[in-house]
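Structure file start.cif (mmCIF, C-alpha atoms) follows.
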data_target
loop_
_atom_site.label_atom_id
_atom_site.label_comp_id
_atom_site.auth_asym_id
_atom_site.auth_seq_id
_atom_site.Cartn_x
_atom_site.Cartn_y
_atom_site.Cartn_z
CA MET A 1 46.55 87.92 89.80
CA ASP A 2 46.13 85.06 92.31
CA GLN A 3 48.06 82.76 90.00
CA ASP A 4 50.80 85.39 89.67
CA ILE A 5 51.17 85.56 93.47
CA VAL A 6 51.50 81.77 93.69
CA LEU A 7 53.98 81.82 90.79
CA TRP A 8 56.20 84.37 92.57
CA ILE A 9 55.95 82.41 95.81
CA VAL A 10 57.14 79.30 93.94
CA VAL A 11 59.97 81.30 92.29
CA GLY A 12 61.05 82.72 95.67
CA THR A 13 60.91 79.30 97.32
CA ALA A 14 62.90 77.75 94.45
CA LEU A 15 65.61 80.40 94.90
CA ALA A 16 65.58 79.78 98.67
CA PHE A 17 66.08 76.06 97.95
CA ASP A 18 68.91 76.98 95.55
CA PHE A 19 70.58 78.99 98.33
CA THR A 20 70.34 76.08 100.81
CA ASN A 21 71.58 73.73 98.06
CA GLY A 22 74.64 75.98 97.67
CA PHE A 23 75.58 76.28 101.33
CA HIS A 24 74.73 72.64 102.04
CA ASP A 25 77.01 71.42 99.23
CA THR A 26 79.92 73.86 99.68
CA ALA A 27 81.62 71.09 101.64
CA ASN A 28 81.68 68.75 98.64
CA ALA A 29 84.10 71.00 96.79
CA VAL A 30 86.14 72.61 99.55
CA ALA A 31 86.09 70.53 102.77
CA THR A 32 89.16 68.41 101.98
CA SER A 33 91.11 71.42 100.60
CA ILE A 34 90.44 73.39 103.79
CA SER A 35 91.25 70.39 105.98
CA THR A 36 94.66 69.82 104.35
CA ARG A 37 95.34 73.59 104.22
CA ALA A 38 95.56 73.54 100.44
CA LEU A 39 93.27 76.59 100.53
CA SER A 40 92.30 79.07 103.24
CA PRO A 41 88.63 78.72 104.28
CA ARG A 42 87.52 82.14 102.99
CA PHE A 43 89.40 81.81 99.69
CA ALA A 44 88.04 78.26 99.21
CA VAL A 45 84.38 79.25 99.62
CA ALA A 46 84.86 82.39 97.50
CA MET A 47 86.46 80.33 94.71
CA ALA A 48 83.70 77.70 94.95
CA ALA A 49 81.03 80.44 94.83
CA VAL A 50 82.51 82.02 91.69
CA LEU A 51 82.86 78.63 89.95
CA ASN A 52 79.31 77.63 90.91
CA PHE A 53 78.12 80.92 89.38
CA VAL A 54 80.13 80.31 86.19
CA GLY A 55 79.02 76.66 86.06
CA ALA A 56 75.38 77.71 86.05
CA PHE A 57 75.96 79.46 82.71
CA ILE A 58 78.08 76.72 81.11
CA SER A 59 75.38 74.10 80.70
CA LEU A 60 71.92 75.42 79.94
CA GLU A 61 70.33 72.06 79.37
CA VAL A 62 67.62 72.75 81.91
CA ALA A 63 67.05 69.98 84.40
CA ALA A 64 63.31 69.86 83.79
CA THR A 65 63.92 66.22 84.48
CA ILE A 66 63.82 66.72 88.24
CA ALA A 67 61.33 64.09 89.43
CA LYS A 68 60.67 63.13 85.77
CA GLY A 69 59.94 59.42 85.61
CA ILE A 70 59.41 59.46 89.40
CA VAL A 71 56.08 61.30 89.56
CA ASN A 72 53.41 61.75 86.90
CA ALA A 73 54.43 65.12 85.41
CA GLU A 74 50.91 65.83 84.14
CA LEU A 75 49.59 65.92 87.69
CA ILE A 76 52.22 68.33 89.02
CA SER A 77 50.80 71.70 90.02
CA GLU A 78 52.36 74.82 91.54
CA PRO A 79 51.23 73.96 95.11
CA ILE A 80 52.85 70.50 94.75
CA VAL A 81 56.13 72.07 93.58
CA PHE A 82 55.92 74.61 96.43
CA ALA A 83 55.33 71.89 99.04
CA GLY A 84 58.12 69.74 97.54
CA LEU A 85 60.55 72.65 97.77
CA ILE A 86 59.61 73.25 101.43
CA GLY A 87 60.26 69.54 102.14
CA ALA A 88 63.71 69.81 100.54
CA ILE A 89 64.59 73.09 102.29
CA VAL A 90 63.57 71.74 105.71
CA TRP A 91 65.66 68.57 105.20
CA ASN A 92 68.65 70.59 103.97
CA LEU A 93 68.44 72.84 107.04
CA ALA A 94 68.01 69.90 109.44
CA THR A 95 71.01 67.99 108.03
CA TRP A 96 73.08 71.20 108.00
CA TYR A 97 72.20 71.77 111.68
CA TRP A 98 73.45 68.25 112.52
CA GLY A 99 76.48 68.69 110.23
CA LEU A 100 75.52 65.77 108.01
CA PRO A 101 76.20 65.78 104.26
CA SER A 102 73.15 64.57 102.32
CA SER A 103 71.91 64.84 98.74
CA SER A 104 69.93 68.01 97.95
CA SER A 105 68.62 66.38 94.74
CA HIS A 106 67.24 63.43 96.67
CA ALA A 107 65.68 65.82 99.18
CA LEU A 108 63.97 67.69 96.36
CA ILE A 109 62.75 64.47 94.76
CA GLY A 110 61.50 63.27 98.16
CA GLY A 111 59.65 66.52 98.80
CA VAL A 112 57.91 66.43 95.41
CA VAL A 113 57.08 62.72 95.79
CA GLY A 114 55.52 63.32 99.23
CA ALA A 115 53.48 66.30 98.04
CA ALA A 116 52.34 64.47 94.86
CA PHE A 117 51.37 61.42 96.92
CA VAL A 118 49.21 63.47 99.29
CA ALA A 119 47.71 65.50 96.42
CA GLU A 120 46.98 62.80 93.88
CA GLY A 121 47.43 59.46 95.64
CA ALA A 122 49.73 56.52 94.93
CA ALA A 123 48.99 56.64 91.19
CA ALA A 124 51.00 59.89 90.94
CA VAL A 125 54.21 58.22 92.12
CA TYR A 126 56.22 55.72 90.04
CA GLY A 127 57.84 53.25 92.44
CA ASN A 128 60.19 51.86 89.79
CA GLY A 129 61.35 55.41 89.03
CA ILE A 130 62.34 55.86 92.69
CA VAL A 131 64.29 52.59 92.62
CA ASP A 132 66.02 53.34 89.30
CA LYS A 133 66.80 57.03 89.80
CA VAL A 134 67.26 57.35 93.54
CA ILE A 135 67.89 54.05 95.34
CA VAL A 136 70.23 52.34 92.84
CA PRO A 137 72.41 55.46 92.30
CA ALA A 138 72.45 56.02 96.09
CA LEU A 139 73.85 52.51 96.55
CA VAL A 140 76.28 52.66 93.61
CA ALA A 141 77.76 56.14 94.24
CA PRO A 142 79.34 55.73 97.69
CA LEU A 143 80.48 52.14 97.09
CA LEU A 144 82.06 52.96 93.74
CA ALA A 145 83.75 56.09 95.14
CA PHE A 146 84.90 54.14 98.23
CA VAL A 147 86.64 51.50 96.08
CA ALA A 148 88.02 54.04 93.58
CA GLY A 149 89.25 56.32 96.39
CA GLY A 150 90.92 53.39 98.17
CA LEU A 151 92.67 52.20 95.00
CA ALA A 152 93.68 55.76 94.04
CA ILE A 153 95.37 56.50 97.38
CA LEU A 154 97.17 53.12 97.39
CA VAL A 155 98.52 53.83 93.88
CA ALA A 156 99.46 57.40 94.87
CA TYR A 157 101.28 56.26 98.05
CA ARG A 158 103.06 53.56 96.01
CA ILE A 159 104.29 56.12 93.44
CA VAL A 160 105.37 58.89 95.82
CA GLY A 161 106.38 56.51 98.61
CA ARG A 162 110.09 57.27 98.89
CA GLN A 163 109.99 60.98 98.12
CA ARG A 164 110.79 63.75 100.58
CA PRO A 165 107.54 64.90 102.24
CA GLY A 166 107.97 68.59 101.34
CA PRO A 167 107.48 68.44 97.54
CA VAL A 168 104.82 65.73 97.92
CA VAL A 169 102.71 67.80 100.33
CA ARG A 170 103.11 70.96 98.21
CA GLY A 171 102.34 69.03 95.01
CA PHE A 172 99.16 67.40 96.27
CA ARG A 173 97.97 70.70 97.79
CA LEU A 174 98.41 72.29 94.36
CA GLY A 175 96.50 69.39 92.79
CA GLN A 176 93.68 69.94 95.27
CA VAL A 177 93.17 73.48 93.94
CA VAL A 178 92.48 71.95 90.50
CA SER A 179 90.24 69.15 91.79
CA ALA A 180 88.28 71.53 94.07
CA SER A 181 87.76 73.89 91.13
CA LEU A 182 86.47 71.05 88.94
CA LEU A 183 84.07 69.92 91.65
CA ALA A 184 82.70 73.43 92.20
CA LEU A 185 82.27 74.00 88.46
CA SER A 186 80.59 70.63 88.09
CA HIS A 187 78.25 71.47 90.99
CA GLY A 188 77.22 74.71 89.29
CA THR A 189 76.49 72.96 85.99
CA ASN A 190 74.32 70.35 87.75
CA ASP A 191 72.58 71.93 90.68
CA ALA A 192 71.75 75.44 89.48
CA GLN A 193 69.95 73.78 86.55
CA LYS A 194 67.50 72.12 88.96
CA THR A 195 66.26 75.48 90.19
CA MET A 196 66.15 76.86 86.64
CA GLY A 197 64.07 73.81 85.66
CA ILE A 198 61.61 74.35 88.53
CA ILE A 199 61.17 78.07 87.79
CA PHE A 200 60.82 77.30 84.07
CA LEU A 201 58.13 74.68 84.79
CA ALA A 202 56.29 77.12 87.06
CA LEU A 203 56.38 79.80 84.33
CA VAL A 204 55.07 77.28 81.77
CA ALA A 205 52.33 76.05 84.14
CA ASN A 206 51.35 79.67 84.78
CA GLY A 207 51.09 80.33 81.03
CA SER A 208 53.86 82.95 81.10
CA LEU A 209 56.09 80.84 78.81
CA SER A 210 55.54 78.22 76.13
CA PRO A 211 57.10 74.79 76.82
CA ASP A 212 59.56 75.16 73.92
CA ALA A 213 60.74 78.65 74.91
CA ASP A 214 64.31 79.38 75.94
CA VAL A 215 65.05 79.84 79.62
CA PRO A 216 64.74 83.58 80.35
CA ILE A 217 68.04 85.20 81.24
CA TRP A 218 66.67 86.49 84.58
CA VAL A 219 66.00 82.87 85.56
CA VAL A 220 69.59 81.86 84.74
CA VAL A 221 71.10 84.88 86.54
CA SER A 222 68.91 84.56 89.64
CA ALA A 223 69.53 80.79 89.98
CA ALA A 224 73.28 81.27 89.46
CA THR A 225 73.34 84.11 92.01
CA ALA A 226 71.35 82.18 94.64
CA ILE A 227 73.58 79.09 94.46
CA ALA A 228 76.74 81.24 94.47
CA LEU A 229 75.58 83.24 97.52
CA GLY A 230 74.64 80.01 99.29
CA THR A 231 78.03 78.53 98.49
CA TYR A 232 79.79 81.67 99.78
CA ALA A 233 77.75 81.55 103.00
CA GLY A 234 79.37 78.14 103.50
CA GLY A 235 77.81 75.30 105.46
CA TRP A 236 80.65 75.22 107.99
CA ARG A 237 79.15 72.43 110.10
CA ILE A 238 79.16 70.08 107.09
CA ILE A 239 82.60 71.31 106.01
CA ARG A 240 83.92 70.31 109.46
CA THR A 241 82.30 66.86 109.22
CA MET A 242 83.61 66.10 105.74
CA GLY A 243 86.97 67.74 106.22
CA SER A 244 88.04 66.41 109.60
CA ARG A 245 85.43 64.30 111.37
CA ILE A 246 85.29 61.28 108.99
CA ILE A 247 89.07 60.87 108.73
CA LYS A 248 92.09 63.00 109.55
CA MET A 249 93.48 63.36 106.07
CA ASP A 250 96.80 64.25 104.54
CA PRO A 251 97.09 66.21 101.24
CA ALA A 252 97.55 62.99 99.22
CA GLN A 253 94.28 61.61 100.62
CA GLY A 254 92.58 64.96 100.06
CA PHE A 255 93.69 65.04 96.43
CA ALA A 256 92.78 61.37 95.85
CA ALA A 257 89.30 61.86 97.36
CA GLN A 258 88.62 65.03 95.37
CA GLY A 259 90.23 63.72 92.17
CA VAL A 260 88.27 60.47 92.34
CA GLY A 261 85.13 62.41 93.26
CA ALA A 262 85.43 64.73 90.28
CA THR A 263 86.25 61.96 87.79
CA VAL A 264 83.51 59.60 89.04
CA ILE A 265 80.90 62.39 88.83
CA MET A 266 82.00 63.44 85.35
CA ALA A 267 82.40 59.88 84.03
CA ALA A 268 78.97 58.89 85.35
CA SER A 269 77.41 62.06 84.01
CA HIS A 270 79.10 61.51 80.63
CA VAL A 271 77.66 58.00 80.21
CA GLY A 272 74.21 59.24 81.32
CA PHE A 273 74.06 57.91 84.88
CA PRO A 274 74.24 60.99 87.14
CA LEU A 275 75.30 60.35 90.73
CA SER A 276 74.98 62.50 93.86
CA THR A 277 78.10 64.63 94.43
CA THR A 278 77.63 64.31 98.20
CA HIS A 279 77.48 60.49 98.11
CA VAL A 280 80.50 60.28 95.80
CA ILE A 281 82.74 62.64 97.80
CA SER A 282 81.77 61.12 101.16
CA GLY A 283 82.43 57.60 99.81
CA ALA A 284 85.77 58.66 98.36
CA ILE A 285 86.86 60.25 101.66
CA MET A 286 85.99 57.06 103.55
CA GLY A 287 87.79 54.96 100.90
CA THR A 288 91.02 56.95 101.11
CA GLY A 289 90.93 56.65 104.91
CA ALA A 290 90.11 52.93 105.02
CA ALA A 291 92.82 52.09 102.47
CA LYS A 292 95.44 53.61 104.77
CA ARG A 293 94.05 51.93 107.89
CA VAL A 294 90.50 50.67 108.44
CA SER A 295 90.44 52.13 111.95
CA ALA A 296 91.40 55.54 110.52
CA VAL A 297 87.76 56.03 109.53
CA ARG A 298 85.46 57.18 112.32
CA TRP A 299 82.76 54.64 111.51
CA GLY A 300 80.32 56.20 113.99
CA VAL A 301 80.36 59.46 112.00
CA ALA A 302 80.18 57.47 108.73
CA GLY A 303 77.17 55.57 110.13
CA ASN A 304 75.38 58.83 110.99
CA ILE A 305 75.96 60.07 107.45
CA VAL A 306 74.60 56.86 105.89
CA THR A 307 71.57 57.08 108.20
CA ALA A 308 70.93 60.61 106.92
CA TRP A 309 71.11 59.30 103.33
CA VAL A 310 68.58 56.57 104.11
CA LEU A 311 66.25 59.07 105.78
CA THR A 312 66.53 61.77 103.10
CA LEU A 313 63.77 60.52 100.82
CA PRO A 314 61.18 59.55 103.48
CA ALA A 315 61.84 62.58 105.71
CA SER A 316 61.65 65.17 102.93
CA ALA A 317 58.62 63.32 101.51
CA ALA A 318 56.91 63.52 104.90
CA VAL A 319 57.55 67.28 105.18
CA GLY A 320 56.51 67.81 101.54
CA GLY A 321 53.31 65.82 102.10
CA LEU A 322 52.46 67.63 105.34
CA THR A 323 53.11 71.01 103.73
CA TYR A 324 50.85 70.13 100.81
CA ALA A 325 48.10 68.97 103.21
CA LEU A 326 48.35 72.31 105.03
CA VAL A 327 48.29 74.27 101.77
CA ALA A 328 45.24 72.31 100.57
CA LEU A 329 43.50 72.87 103.91
CA LEU A 330 44.02 76.64 103.75
CA GLY A 331 43.22 76.99 100.05
CA ARG A 332 45.15 75.74 97.06
CA ASP A 333 44.64 78.82 94.87
CA ASP A 334 46.47 81.48 96.80
CA VAL A 335 45.67 81.55 100.53
CA GLY A 336 47.46 78.25 101.29
CA PRO A 337 50.86 79.06 99.71
CA ILE A 338 50.71 82.67 101.03
CA ALA A 339 49.84 81.57 104.59
CA VAL A 340 52.45 78.77 104.69
CA SER A 341 55.25 80.89 103.24
CA ALA A 342 54.35 83.80 105.57
CA ALA A 343 54.40 81.44 108.57
CA LEU A 344 57.79 80.08 107.52
CA LEU A 345 59.20 83.59 107.03
CA VAL A 346 57.99 84.59 110.52
CA ALA A 347 59.54 81.41 111.99
CA LEU A 348 62.82 82.22 110.20
CA ALA A 349 62.77 85.82 111.44
CA VAL A 350 62.08 84.69 115.05
CA THR A 351 64.93 82.13 114.89
CA LEU A 352 67.37 84.68 113.47
CA GLY A 353 66.20 87.28 116.01
CA ARG A 354 66.78 84.87 118.91
CA ARG A 355 70.25 84.03 117.63
CA LEU A 356 71.02 87.74 117.32
CA VAL A 357 69.82 88.41 120.87
CA ALA A 358 71.75 85.41 122.20
CA GLY A 359 74.87 86.66 120.41
CA ARG A 360 74.49 90.16 121.91
CA THR A 361 73.96 88.70 125.40
CA LEU A 362 77.06 86.57 125.05
CA THR A 363 79.05 89.57 123.81
CA ALA A 364 77.77 91.75 126.69
CA GLU A 365 78.58 89.03 129.25
CA GLY A 366 81.97 88.34 127.67
CA MET B 367 57.03 46.75 88.66
CA VAL B 368 59.62 46.90 85.87
CA PHE B 369 63.06 48.22 86.76
CA ALA B 370 64.87 50.01 83.99
CA VAL B 371 68.41 50.05 85.37
CA ASP B 372 70.62 49.27 82.40
CA GLY B 373 73.22 46.71 83.54
CA HIS B 374 75.52 47.58 80.64
CA LEU B 375 75.36 51.29 81.54
CA LEU B 376 76.02 50.52 85.19
CA TRP B 377 79.05 48.41 84.32
CA GLN B 378 80.30 51.21 82.05
CA VAL B 379 79.98 53.71 84.92
CA VAL B 380 81.90 51.39 87.22
CA TRP B 381 84.88 50.69 84.97
CA VAL B 382 85.13 54.21 83.51
CA SER B 383 85.02 55.70 87.03
CA LEU B 384 87.62 53.27 88.38
CA VAL B 385 90.02 53.74 85.46
CA ALA B 386 89.58 57.53 85.34
CA GLY B 387 89.65 58.00 89.13
CA VAL B 388 92.72 55.86 89.74
CA GLY B 389 94.37 57.08 86.52
CA ILE B 390 94.10 60.76 87.37
CA SER B 391 95.61 60.20 90.84
CA ALA B 392 98.42 58.07 89.38
CA LEU B 393 99.22 60.68 86.73
CA PHE B 394 99.38 63.54 89.22
CA SER B 395 101.54 61.44 91.53
CA LEU B 396 103.93 60.88 88.60
CA VAL B 397 104.01 64.67 88.03
CA ILE B 398 105.07 65.17 91.65
CA VAL B 399 107.66 62.36 91.59
CA GLY B 400 109.06 63.47 88.23
CA ALA B 401 109.37 67.10 89.31
CA ALA B 402 110.89 66.24 92.72
CA ARG B 403 113.44 63.80 91.31
CA ALA B 404 114.33 66.14 88.45
CA GLU B 405 115.11 68.85 91.03
CA ASP B 406 117.15 66.42 93.16
CA ALA B 407 119.09 65.20 90.11
CA ARG B 408 119.74 68.76 88.92
CA ARG B 409 121.14 69.71 92.33
CA ALA B 410 123.34 66.59 92.31
CA GLY B 411 124.67 67.60 88.89
CA ARG B 412 123.17 64.58 87.10
CA GLY B 413 121.93 66.38 83.98
CA ALA B 414 120.74 63.34 82.02
CA ALA B 415 118.68 61.97 84.91
CA ALA B 416 117.25 65.43 85.56
CA ALA B 417 116.15 65.72 81.92
CA LEU B 418 114.62 62.23 82.03
CA TYR B 419 112.60 62.93 85.19
CA PHE B 420 111.59 66.35 83.88
CA THR B 421 110.27 64.67 80.70
CA LEU B 422 108.33 62.18 82.83
CA ALA B 423 106.79 65.05 84.81
CA VAL B 424 105.86 66.97 81.66
CA LEU B 425 104.33 63.90 79.96
CA ALA B 426 102.33 62.96 83.06
CA PHE B 427 101.20 66.57 83.45
CA ALA B 428 100.11 66.71 79.79
CA LEU B 429 98.01 63.56 80.27
CA PHE B 430 96.60 64.92 83.56
CA ALA B 431 95.72 68.22 81.89
CA GLY B 432 94.13 66.28 79.01
CA GLY B 433 91.96 64.48 81.57
CA VAL B 434 90.90 67.80 83.11
CA VAL B 435 90.01 69.19 79.66
CA LEU B 436 88.00 66.03 78.89
CA GLY B 437 86.18 66.47 82.21
CA VAL B 438 85.31 70.10 81.45
CA ARG B 439 84.14 69.07 77.95
CA ALA B 440 81.95 66.36 79.48
CA MET B 441 80.43 69.03 81.74
CA ILE B 442 79.75 71.41 78.87
CA GLU B 443 78.40 68.84 76.43
CA LYS B 444 76.21 66.79 78.75
#

Would you write out, as structure tokens, the structure that this file holds?
Amino acid sequence: MDQDIVLWIVVGTALAFDFTNGFHDTANAVATSISTRALSPRFAVAMAAVLNFVGAFISLEVAATIAKGIVNAELISEPIVFAGLIGAIVWNLATWYWGLPSSSSHALIGGVVGAAFVAEGAAAVYGNGIVDKVIVPALVAPLLAFVAGGLAILVAYRIVGRQRPGPVVRGFRLGQVVSASLLALSHGTNDAQKTMGIIFLALVANGSLSPDADVPIWVVVSAATAIALGTYAGGWRIIRTMGSRIIKMDPAQGFAAQGVGATVIMAASHVGFPLSTTHVISGAIMGTGAAKRVSAVRWGVAGNIVTAWVLTLPASAAVGGLTYALVALLGRDDVGPIAVSAALLVALAVTLGRRLVAGRTLTAEG
Amino acid sequence: MVFAVDGHLLWQVVWVSLVAGVGISALFSLVIVGAARAEDARRAGRGAAAALYFTLAVLAFALFAGGVVLGVRAMIEK
């Protein structure tokens, strides 16, 4: 019974992470389309939500590989997964609050690494795995997308250079609908699988499923629904940053950034070297801006984003580690996860309640 | 500490991404140029030029659509 309670807490936390993953990453697919008015904001997030939902069903190769090769999988327990998820959720919420795009996958890896480190010591963490699967891709993705985005917009400007602006603007806006759809679909196929993998692992660890069983349909549907709802909720602060605060983009730049983003992600995924969607799209946006004019990029904003990327792993690891320490202090079997999740739910309710009251006061005063 | 980053794989990611990323933008730009010039030529009564530009637009669009289909296949089969 105790184990069942912890299992359901882990499942609930994984779905909460999935929701934050969705609303945090909405910007990747739709920010440039909204910014160039290729799509209306509401239609863009609705389309992205539907495609994320569909994407979750397209590829059922469960990403049980999250943190595989980075931490010793044999030492991973439900409290470690729970603490890792809390680390990732907190980092996703913090970066959303500051309007900074950052990788949800790296946040999740960081959270699990921190919790595993506190639980089992340095032997549980593979340093070379962090370098190979987090640091190298984090360096490659934005640089590659920056160069590809820059080259793509130069080629596009060269080809359409002497055309009347009307058909060019309409054409690239139409192209953005296709590239945004591809990005949203790709996000669903990648990111919903992470949550499915975590829930699947928790069910296996709990003894509810055998390791070679198929993923239960309720896991697929709940993960797809959580990421779609999160996407529909829309992380508007990050959408604003990616859509208009890095560069002021025209439809050609928007299409080039999204087109390059989608192709880089798919090409890298196809050859077995998955890259962060957030890093790729952000790099491509900066590349399309810098190719037009270096000063067109607001380098201060770009610097803040890169700082967030550098901090993602250590910050989420710190929160994951602290959460695990708290869970272990209160009781690893059931009391710890129940007490921590209850405290977080109360904190969430208080925050939402304050916002509601502040909103009512403003309305009454207005 | 042994790092397992495969240099060959990394190089493959770089060139495939550059070719595909730049290629897809170039193809779609050709669709726009072909369609716009075909319309201009048709209005000016230059039938042959209109047909030529229309063919360019259709060919570029077919290649672009092929790229999109390849992308979706890569997503499904990964």

Interface residues on chain B facing chain A, 9 Å, all atoms listed in the file, written as a VMD selection string: chain B and resid 367 to 371 375 to 376 378 to 380 382 to 399 401 to 403 433 to 434 437 to 438 440 to 444

Restricting it to C-alpha atoms, dump the selection as a PDB file, in the frame of the given file.
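Now in selection_0.pdb:
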ATOM      1  CA  MET B 367      57.030  46.750  88.660  1.00  0.00           C
ATOM      2  CA  VAL B 368      59.620  46.900  85.870  1.00  0.00           C
ATOM      3  CA  PHE B 369      63.060  48.220  86.760  1.00  0.00           C
ATOM      4  CA  ALA B 370      64.870  50.010  83.990  1.00  0.00           C
ATOM      5  CA  VAL B 371      68.410  50.050  85.370  1.00  0.00           C
ATOM      6  CA  LEU B 375      75.360  51.290  81.540  1.00  0.00           C
ATOM      7  CA  LEU B 376      76.020  50.520  85.190  1.00  0.00           C
ATOM      8  CA  GLN B 378      80.300  51.210  82.050  1.00  0.00           C
ATOM      9  CA  VAL B 379      79.980  53.710  84.920  1.00  0.00           C
ATOM     10  CA  VAL B 380      81.900  51.390  87.220  1.00  0.00           C
ATOM     11  CA  VAL B 382      85.130  54.210  83.510  1.00  0.00           C
ATOM     12  CA  SER B 383      85.020  55.700  87.030  1.00  0.00           C
ATOM     13  CA  LEU B 384      87.620  53.270  88.380  1.00  0.00           C
ATOM     14  CA  VAL B 385      90.020  53.740  85.460  1.00  0.00           C
ATOM     15  CA  ALA B 386      89.580  57.530  85.340  1.00  0.00           C
ATOM     16  CA  GLY B 387      89.650  58.000  89.130  1.00  0.00           C
ATOM     17  CA  VAL B 388      92.720  55.860  89.740  1.00  0.00           C
ATOM     18  CA  GLY B 389      94.370  57.080  86.520  1.00  0.00           C
ATOM     19  CA  ILE B 390      94.100  60.760  87.370  1.00  0.00           C
ATOM     20  CA  SER B 391      95.610  60.200  90.840  1.00  0.00           C
ATOM     21  CA  ALA B 392      98.420  58.070  89.380  1.00  0.00           C
ATOM     22  CA  LEU B 393      99.220  60.680  86.730  1.00  0.00           C
ATOM     23  CA  PHE B 394      99.380  63.540  89.220  1.00  0.00           C
ATOM     24  CA  SER B 395     101.540  61.440  91.530  1.00  0.00           C
ATOM     25  CA  LEU B 396     103.930  60.880  88.600  1.00  0.00           C
ATOM     26  CA  VAL B 397     104.010  64.670  88.030  1.00  0.00           C
ATOM     27  CA  ILE B 398     105.070  65.170  91.650  1.00  0.00           C
ATOM     28  CA  VAL B 399     107.660  62.360  91.590  1.00  0.00           C
ATOM     29  CA  ALA B 401     109.370  67.100  89.310  1.00  0.00           C
ATOM     30  CA  ALA B 402     110.890  66.240  92.720  1.00  0.00           C
ATOM     31  CA  ARG B 403     113.440  63.800  91.310  1.00  0.00           C
ATOM     32  CA  GLY B 433      91.960  64.480  81.570  1.00  0.00           C
ATOM     33  CA  VAL B 434      90.900  67.800  83.110  1.00  0.00           C
ATOM     34  CA  GLY B 437      86.180  66.470  82.210  1.00  0.00           C
ATOM     35  CA  VAL B 438      85.310  70.100  81.450  1.00  0.00           C
ATOM     36  CA  ALA B 440      81.950  66.360  79.480  1.00  0.00           C
ATOM     37  CA  MET B 441      80.430  69.030  81.740  1.00  0.00           C
ATOM     38  CA  ILE B 442      79.750  71.410  78.870  1.00  0.00           C
ATOM     39  CA  GLU B 443      78.400  68.840  76.430  1.00  0.00           C
ATOM     40  CA  LYS B 444      76.210  66.790  78.750  1.00  0.00           C
TER      41      LYS B 444
END

Give me the box for segment 393-407 of chain B as AutoDock Vina command-line options, namely the centre and edge lengths in Å to one decimal of a box along x, y and z that holds every listed atom plus 4 Å on each side.
--center_x 109.2 --center_y 64.8 --center_z 89.9 --size_x 27.9 --size_y 16.2 --size_z 14.4

Å distance separating atom CA of Ser276 of chain A from atom CA of Gly289 of chain A, one decimal place: 20.3 Å

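The space between atom CA of Leu85 of chain A and atom CA of Val10 of chain A spans 8.4 Å.
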
Within 8 Å of Glu78 of chain A using all atoms listed in the file, minus same-chain residues under 4 positions, as a list in words: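 The residues that qualify are Val6, Leu7, Val10, Phe82, Ala202 and Ala205 of chain A.
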
For atom CA of Val350 of chain A and atom CA of Ser104 of chain A, the interatomic separation in Å (one decimal):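 One can read the atom CA of Val350 of chain A to atom CA of Ser104 of chain A distance as 25.1 Å.
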